[in-house]
$ cat run14.pdb   # PDB, C-alpha atoms, pLDDT in the B column
ATOM      1  CA  MET A  10      -3.295  -9.610  -6.517  1.00 74.00           C
ATOM      2  CA  LYS A  11      -6.441 -10.275  -8.460  1.00 81.00           C
ATOM      3  CA  LYS A  12      -7.319  -8.044 -11.418  1.00 82.00           C
ATOM      4  CA  GLU A  13     -10.203  -6.367  -9.630  1.00 85.00           C
ATOM      5  CA  HIS A  14      -7.756  -5.200  -6.921  1.00 86.00           C
ATOM      6  CA  ARG A  15      -5.292  -3.535  -9.323  1.00 89.00           C
ATOM      7  CA  LEU A  16      -5.064   0.139 -10.135  1.00 89.00           C
ATOM      8  CA  ARG A  17      -3.722   0.375 -13.670  1.00 89.00           C
ATOM      9  CA  LYS A  18      -4.637   3.485 -15.631  1.00 91.00           C
ATOM     10  CA  ASN A  19      -2.616   6.679 -15.371  1.00 93.00           C
ATOM     11  CA  GLU A  20      -5.823   8.696 -14.930  1.00 93.00           C
ATOM     12  CA  ASP A  21      -6.700   6.619 -11.868  1.00 90.00           C
ATOM     13  CA  PHE A  22      -3.245   7.186 -10.356  1.00 93.00           C
ATOM     14  CA  GLN A  23      -3.462  10.931 -11.072  1.00 94.00           C
ATOM     15  CA  SER A  24      -6.920  11.251  -9.493  1.00 92.00           C
ATOM     16  CA  VAL A  25      -5.653   9.545  -6.332  1.00 93.00           C
ATOM     17  CA  PHE A  26      -2.631  11.882  -6.228  1.00 93.00           C
ATOM     18  CA  LYS A  27      -4.745  15.009  -6.810  1.00 94.00           C
ATOM     19  CA  SER A  28      -7.800  14.297  -4.673  1.00 92.00           C
ATOM     20  CA  GLY A  29      -6.563  11.708  -2.186  1.00 90.00           C
ATOM     21  CA  LYS A  30      -4.992  12.010   1.231  1.00 93.00           C
ATOM     22  CA  SER A  31      -1.431  10.949   1.918  1.00 93.00           C
ATOM     23  CA  VAL A  32       0.308   9.485   4.930  1.00 95.00           C
ATOM     24  CA  ALA A  33       3.865   8.252   5.213  1.00 94.00           C
ATOM     25  CA  ASN A  34       6.487   6.570   7.294  1.00 93.00           C
ATOM     26  CA  ARG A  35      10.189   6.222   6.511  1.00 94.00           C
ATOM     27  CA  GLN A  36       9.741   3.402   3.994  1.00 94.00           C
ATOM     28  CA  PHE A  37       6.410   4.047   2.245  1.00 96.00           C
ATOM     29  CA  VAL A  38       3.996   6.809   1.249  1.00 95.00           C
ATOM     30  CA  VAL A  39       0.330   5.850   0.889  1.00 95.00           C
ATOM     31  CA  TYR A  40      -2.267   7.907  -0.980  1.00 95.00           C
ATOM     32  CA  THR A  41      -5.917   6.976  -0.417  1.00 93.00           C
ATOM     33  CA  LEU A  42      -9.088   8.090  -2.147  1.00 92.00           C
ATOM     34  CA  ALA A  43     -12.589   6.935  -1.206  1.00 90.00           C
ATOM     35  CA  LYS A  44     -14.691   5.847  -4.187  1.00 86.00           C
ATOM     36  CA  PRO A  45     -18.209   5.044  -2.916  1.00 86.00           C
ATOM     37  CA  GLY A  46     -19.990   2.410  -4.951  1.00 83.00           C
ATOM     38  CA  GLN A  47     -16.842   1.271  -6.739  1.00 80.00           C
ATOM     39  CA  GLY A  48     -16.678  -2.245  -5.311  1.00 82.00           C
ATOM     40  CA  PRO A  49     -13.456  -3.802  -4.073  1.00 87.00           C
ATOM     41  CA  SER A  50     -10.498  -1.621  -3.148  1.00 88.00           C
ATOM     42  CA  ARG A  51      -7.847  -1.145  -5.820  1.00 92.00           C
ATOM     43  CA  PHE A  52      -4.124  -0.829  -5.201  1.00 93.00           C
ATOM     44  CA  GLY A  53      -1.341   0.653  -7.300  1.00 94.00           C
ATOM     45  CA  LEU A  54       2.414   0.559  -6.724  1.00 94.00           C
ATOM     46  CA  SER A  55       4.972   3.150  -7.689  1.00 93.00           C
ATOM     47  CA  ILE A  56       8.637   2.328  -7.274  1.00 94.00           C
ATOM     48  CA  SER A  57      11.141   4.789  -8.702  1.00 93.00           C
ATOM     49  CA  LYS A  58      14.391   3.910 -10.441  1.00 95.00           C
ATOM     50  CA  LYS A  59      16.111   5.779  -7.609  1.00 94.00           C
ATOM     51  CA  ILE A  60      15.286   2.803  -5.362  1.00 93.00           C
ATOM     52  CA  GLY A  61      17.552   0.414  -7.251  1.00 92.00           C
ATOM     53  CA  ASN A  62      17.890  -1.744 -10.332  1.00 95.00           C
ATOM     54  CA  ALA A  63      15.037  -3.744 -11.896  1.00 96.00           C
ATOM     55  CA  VAL A  64      15.702  -6.788  -9.717  1.00 96.00           C
ATOM     56  CA  THR A  65      15.406  -4.724  -6.537  1.00 95.00           C
ATOM     57  CA  ARG A  66      12.288  -2.869  -7.702  1.00 95.00           C
ATOM     58  CA  ASN A  67      10.533  -6.085  -8.767  1.00 96.00           C
ATOM     59  CA  ARG A  68      11.418  -7.739  -5.447  1.00 96.00           C
ATOM     60  CA  ILE A  69       9.829  -4.846  -3.548  1.00 95.00           C
ATOM     61  CA  LYS A  70       6.728  -5.061  -5.773  1.00 95.00           C
ATOM     62  CA  ARG A  71       6.371  -8.794  -5.137  1.00 95.00           C
ATOM     63  CA  LEU A  72       6.701  -8.387  -1.388  1.00 95.00           C
ATOM     64  CA  VAL A  73       4.262  -5.462  -1.190  1.00 94.00           C
ATOM     65  CA  LYS A  74       1.700  -7.320  -3.343  1.00 93.00           C
ATOM     66  CA  GLU A  75       1.952 -10.327  -1.031  1.00 94.00           C
ATOM     67  CA  VAL A  76       1.392  -8.145   2.040  1.00 93.00           C
ATOM     68  CA  ILE A  77      -1.684  -6.631   0.371  1.00 91.00           C
ATOM     69  CA  ARG A  78      -2.962 -10.078  -0.610  1.00 91.00           C
ATOM     70  CA  LEU A  79      -2.676 -11.270   2.992  1.00 91.00           C
ATOM     71  CA  GLN A  80      -4.260  -8.133   4.495  1.00 89.00           C
ATOM     72  CA  ILE A  81      -6.978  -7.282   1.965  1.00 87.00           C
ATOM     73  CA  HIS A  82      -9.748  -8.954   3.983  1.00 86.00           C
ATOM     74  CA  GLU A  83      -9.094  -6.508   6.861  1.00 85.00           C
ATOM     75  CA  MET A  84      -9.397  -3.383   4.697  1.00 85.00           C
ATOM     76  CA  PRO A  85     -12.475  -1.402   3.705  1.00 85.00           C
ATOM     77  CA  SER A  86     -13.824  -1.641   0.172  1.00 84.00           C
ATOM     78  CA  ASP A  87     -14.512   1.305  -2.157  1.00 86.00           C
ATOM     79  CA  MET A  88     -10.984   2.736  -1.896  1.00 90.00           C
ATOM     80  CA  ASP A  89      -8.216   3.503  -4.380  1.00 92.00           C
ATOM     81  CA  VAL A  90      -4.780   3.216  -2.782  1.00 93.00           C
ATOM     82  CA  VAL A  91      -1.373   4.093  -4.252  1.00 95.00           C
ATOM     83  CA  ILE A  92       1.749   2.914  -2.437  1.00 95.00           C
ATOM     84  CA  ILE A  93       5.072   4.618  -3.150  1.00 95.00           C
ATOM     85  CA  ALA A  94       8.247   2.934  -1.940  1.00 95.00           C
ATOM     86  CA  ARG A  95      11.086   4.997  -0.526  1.00 94.00           C
ATOM     87  CA  LYS A  96      14.794   4.166  -0.579  1.00 95.00           C
ATOM     88  CA  PRO A  97      14.976   2.320   2.805  1.00 94.00           C
ATOM     89  CA  ALA A  98      12.456  -0.271   1.532  1.00 94.00           C
ATOM     90  CA  ALA A  99      15.143  -1.776  -0.712  1.00 94.00           C
ATOM     91  CA  ALA A 100      17.053  -3.180   2.262  1.00 94.00           C
ATOM     92  CA  MET A 101      14.045  -4.689   4.042  1.00 94.00           C
ATOM     93  CA  ASP A 102      12.966  -8.313   4.215  1.00 94.00           C
ATOM     94  CA  PHE A 103       9.351  -9.542   3.990  1.00 95.00           C
ATOM     95  CA  HIS A 104       8.552  -9.239   7.702  1.00 96.00           C
ATOM     96  CA  ASP A 105       9.929  -5.704   7.912  1.00 95.00           C
ATOM     97  CA  ILE A 106       7.933  -4.654   4.830  1.00 95.00           C
ATOM     98  CA  LYS A 107       4.797  -6.259   6.253  1.00 95.00           C
ATOM     99  CA  LYS A 108       5.248  -4.416   9.552  1.00 95.00           C
ATOM    100  CA  SER A 109       5.915  -1.094   7.795  1.00 95.00           C
ATOM    101  CA  ILE A 110       2.941  -1.437   5.398  1.00 94.00           C
ATOM    102  CA  ARG A 111       0.613  -2.352   8.277  1.00 93.00           C
ATOM    103  CA  HIS A 112       1.894   0.668  10.215  1.00 93.00           C
ATOM    104  CA  VAL A 113       1.275   3.131   7.391  1.00 94.00           C
ATOM    105  CA  PHE A 114      -2.124   1.532   6.639  1.00 91.00           C
ATOM    106  CA  GLN A 115      -3.110   2.011  10.288  1.00 91.00           C
ATOM    107  CA  ILE A 116      -2.079   5.665  10.125  1.00 91.00           C
ATOM    108  CA  ALA A 117      -4.183   6.043   6.959  1.00 90.00           C
ATOM    109  CA  GLY A 118      -7.167   4.405   8.665  1.00 87.00           C
ATOM    110  CA  LEU A 119      -7.217   1.415   6.308  1.00 85.00           C
ATOM    111  CA  MET A 120      -6.718  -1.113   9.089  1.00 77.00           C
ATOM    112  CA  LYS A 121      -7.814  -1.419  12.657  1.00 64.00           C
ATOM    113  CA  ARG A 122      -5.175  -0.882  15.296  1.00 55.00           C
ATOM    114  CA  ILE A 123      -3.952  -4.049  16.931  1.00 53.00           C
ATOM    115  CA  ASP A 124      -3.519  -3.615  20.667  1.00 48.00           C
ATOM    116  CA  HIS A 125      -0.884  -6.087  21.823  1.00 50.00           C
ATOM    117  CA  SER A 126      -0.861  -4.718  25.369  1.00 48.00           C
ATOM    118  CA  ARG A 127      -4.364  -5.968  26.225  1.00 47.00           C
ATOM    119  CA  LYS A 128      -4.654  -9.379  27.800  1.00 47.00           C
ATOM    120  CA  ARG A 129      -7.459 -11.661  26.798  1.00 44.00           C
TER
END

$ encode --input "run14.pdb" --output "structure tokens"
Amino acid sequence: MKKEHRLRKNEDFQSVFKSGKSVANRQFVVYTLAKPGQGPSRFGLSISKKIGNAVTRNRIKRLVKEVIRLQIHEMPSDMDVVIIARKPAAAMDFHDIKKSIRHVFQIAGLMKRIDHSRKR
């Protein structure tokens, strides 16, 4: 992720947790906070030591960052987003993580729903 898309400061994380809205599925929790006039959306990751060792946590971070990088053009700007990984995320591969992140982003209203049932 580029620097302008990263959420780094503890105060920023805390403001998203306090004032933002949360949605979740089995693998991830997503907190969102609208910040009008901010510019590009910023993303922060939180992966607890309960998830696994450093190798496992860093692998999850890399995969989630790649999913965000690929999907960022479909998301609205002026948002702060914090993604928290849950225990089942440790056993997932890239495609499962991508599917799960897209699902929770759709629930949060960050992405448009993709209707696969419609024929073109």

$ resolve_selection --input "run14.pdb" --expression "the PyMOL selection byres ((chain A and resi 94) around 6)" --output "list of chain:residue names"
A:Phe37, A:Ile56, A:Ile93, A:Arg95

$ residues_near_point --input "run14.pdb" --point "(-8.9, -2.9, -7.7)" --cutoff "10 Å" --atoms "all atoms listed in the file" --output "number ranges by chain"
A: 10-17, 47-53, 86-90

$ resolve_selection --input "run14.pdb" --expression "the PyMOL selection byres ((chain A and resi 64-69) around 12)" --output "MDAnalysis selection string"
chainID A and resid 36:37 54:63 70:76 92:103 105:107 110

$ residues_near_point --input "run14.pdb" --point "(0.3, 3.9, 9.8)" --cutoff "12 Å" --atoms "all atoms listed in the file" --output "JSON, numbers by chain"
{"A": [31, 32, 33, 34, 35, 36, 37, 38, 39, 40, 107, 108, 109, 110, 111, 112, 113, 114, 115, 116, 117, 118, 119, 120, 121, 122, 123]}

$ atom_distance --input "run14.pdb" --atom1 "atom CA of A:Asn19" --atom2 "atom CA of A:Leu79"
25.7 Å

$ atom_distance --input "run14.pdb" --atom1 "atom CA of A:Glu83" --atom2 "atom CA of A:Lys27"
25.9 Å

$ atom_distance --input "run14.pdb" --atom1 "atom CA of A:Ala43" --atom2 "atom CA of A:Phe22"
13.1 Å

$ closest_residue --input "run14.pdb" --among "A:His104, A:Met84, A:Val91, A:Pro45" --to "A:Phe26" --atoms "only C-alpha atoms"
A:Val91

$ axis_aligned_box --input "run14.pdb" --around "stretch 96-103 of chain A" --padding-each-side "6 Å" --output "lines of an AutoDock Vina configuration file"
center_x = 13.2
center_y = -2.7
center_z = 1.8
size_x = 19.7
size_y = 25.7
size_z = 16.9

$ decode --input "run14.pdb" --residues "stretch 21-52 of chain A" --atoms "C-alpha atoms" --output "PDB file, in the first residue's frame"
ATOM      1  CA  ASP A  21      -6.274   7.664  14.336  1.00  0.00           C
ATOM      2  CA  PHE A  22      -6.931   4.020  15.253  1.00  0.00           C
ATOM      3  CA  GLN A  23      -8.640   5.067  18.504  1.00  0.00           C
ATOM      4  CA  SER A  24     -10.887   7.607  16.757  1.00  0.00           C
ATOM      5  CA  VAL A  25     -12.008   4.938  14.281  1.00  0.00           C
ATOM      6  CA  PHE A  26     -12.728   2.517  17.149  1.00  0.00           C
ATOM      7  CA  LYS A  27     -14.639   5.131  19.175  1.00  0.00           C
ATOM      8  CA  SER A  28     -16.610   6.928  16.474  1.00  0.00           C
ATOM      9  CA  GLY A  29     -16.698   4.423  13.622  1.00  0.00           C
ATOM     10  CA  LYS A  30     -19.124   1.678  12.720  1.00  0.00           C
ATOM     11  CA  SER A  31     -18.160  -1.975  12.791  1.00  0.00           C
ATOM     12  CA  VAL A  32     -19.193  -4.975  10.748  1.00  0.00           C
ATOM     13  CA  ALA A  33     -17.818  -8.488  10.882  1.00  0.00           C
ATOM     14  CA  ASN A  34     -17.790 -11.945   9.438  1.00  0.00           C
ATOM     15  CA  ARG A  35     -16.079 -15.028  10.854  1.00  0.00           C
ATOM     16  CA  GLN A  36     -12.588 -14.038   9.707  1.00  0.00           C
ATOM     17  CA  PHE A  37     -12.433 -10.230   9.913  1.00  0.00           C
ATOM     18  CA  VAL A  38     -13.882  -7.233  11.749  1.00  0.00           C
ATOM     19  CA  VAL A  39     -13.933  -3.921   9.875  1.00  0.00           C
ATOM     20  CA  TYR A  40     -14.339  -0.515  11.520  1.00  0.00           C
ATOM     21  CA  THR A  41     -15.114   2.417   9.216  1.00  0.00           C
ATOM     22  CA  LEU A  42     -15.211   6.145   9.841  1.00  0.00           C
ATOM     23  CA  ALA A  43     -16.108   8.756   7.225  1.00  0.00           C
ATOM     24  CA  LYS A  44     -13.683  11.688   7.099  1.00  0.00           C
ATOM     25  CA  PRO A  45     -15.046  14.237   4.592  1.00  0.00           C
ATOM     26  CA  GLY A  46     -12.360  16.266   2.883  1.00  0.00           C
ATOM     27  CA  GLN A  47      -9.544  13.966   3.975  1.00  0.00           C
ATOM     28  CA  GLY A  48      -8.532  12.717   0.534  1.00  0.00           C
ATOM     29  CA  PRO A  49      -7.782   9.074  -0.181  1.00  0.00           C
ATOM     30  CA  SER A  50      -9.059   6.359   2.133  1.00  0.00           C
ATOM     31  CA  ARG A  51      -6.636   5.107   4.770  1.00  0.00           C
ATOM     32  CA  PHE A  52      -6.392   1.542   6.025  1.00  0.00           C
TER      33      PHE A  52
END
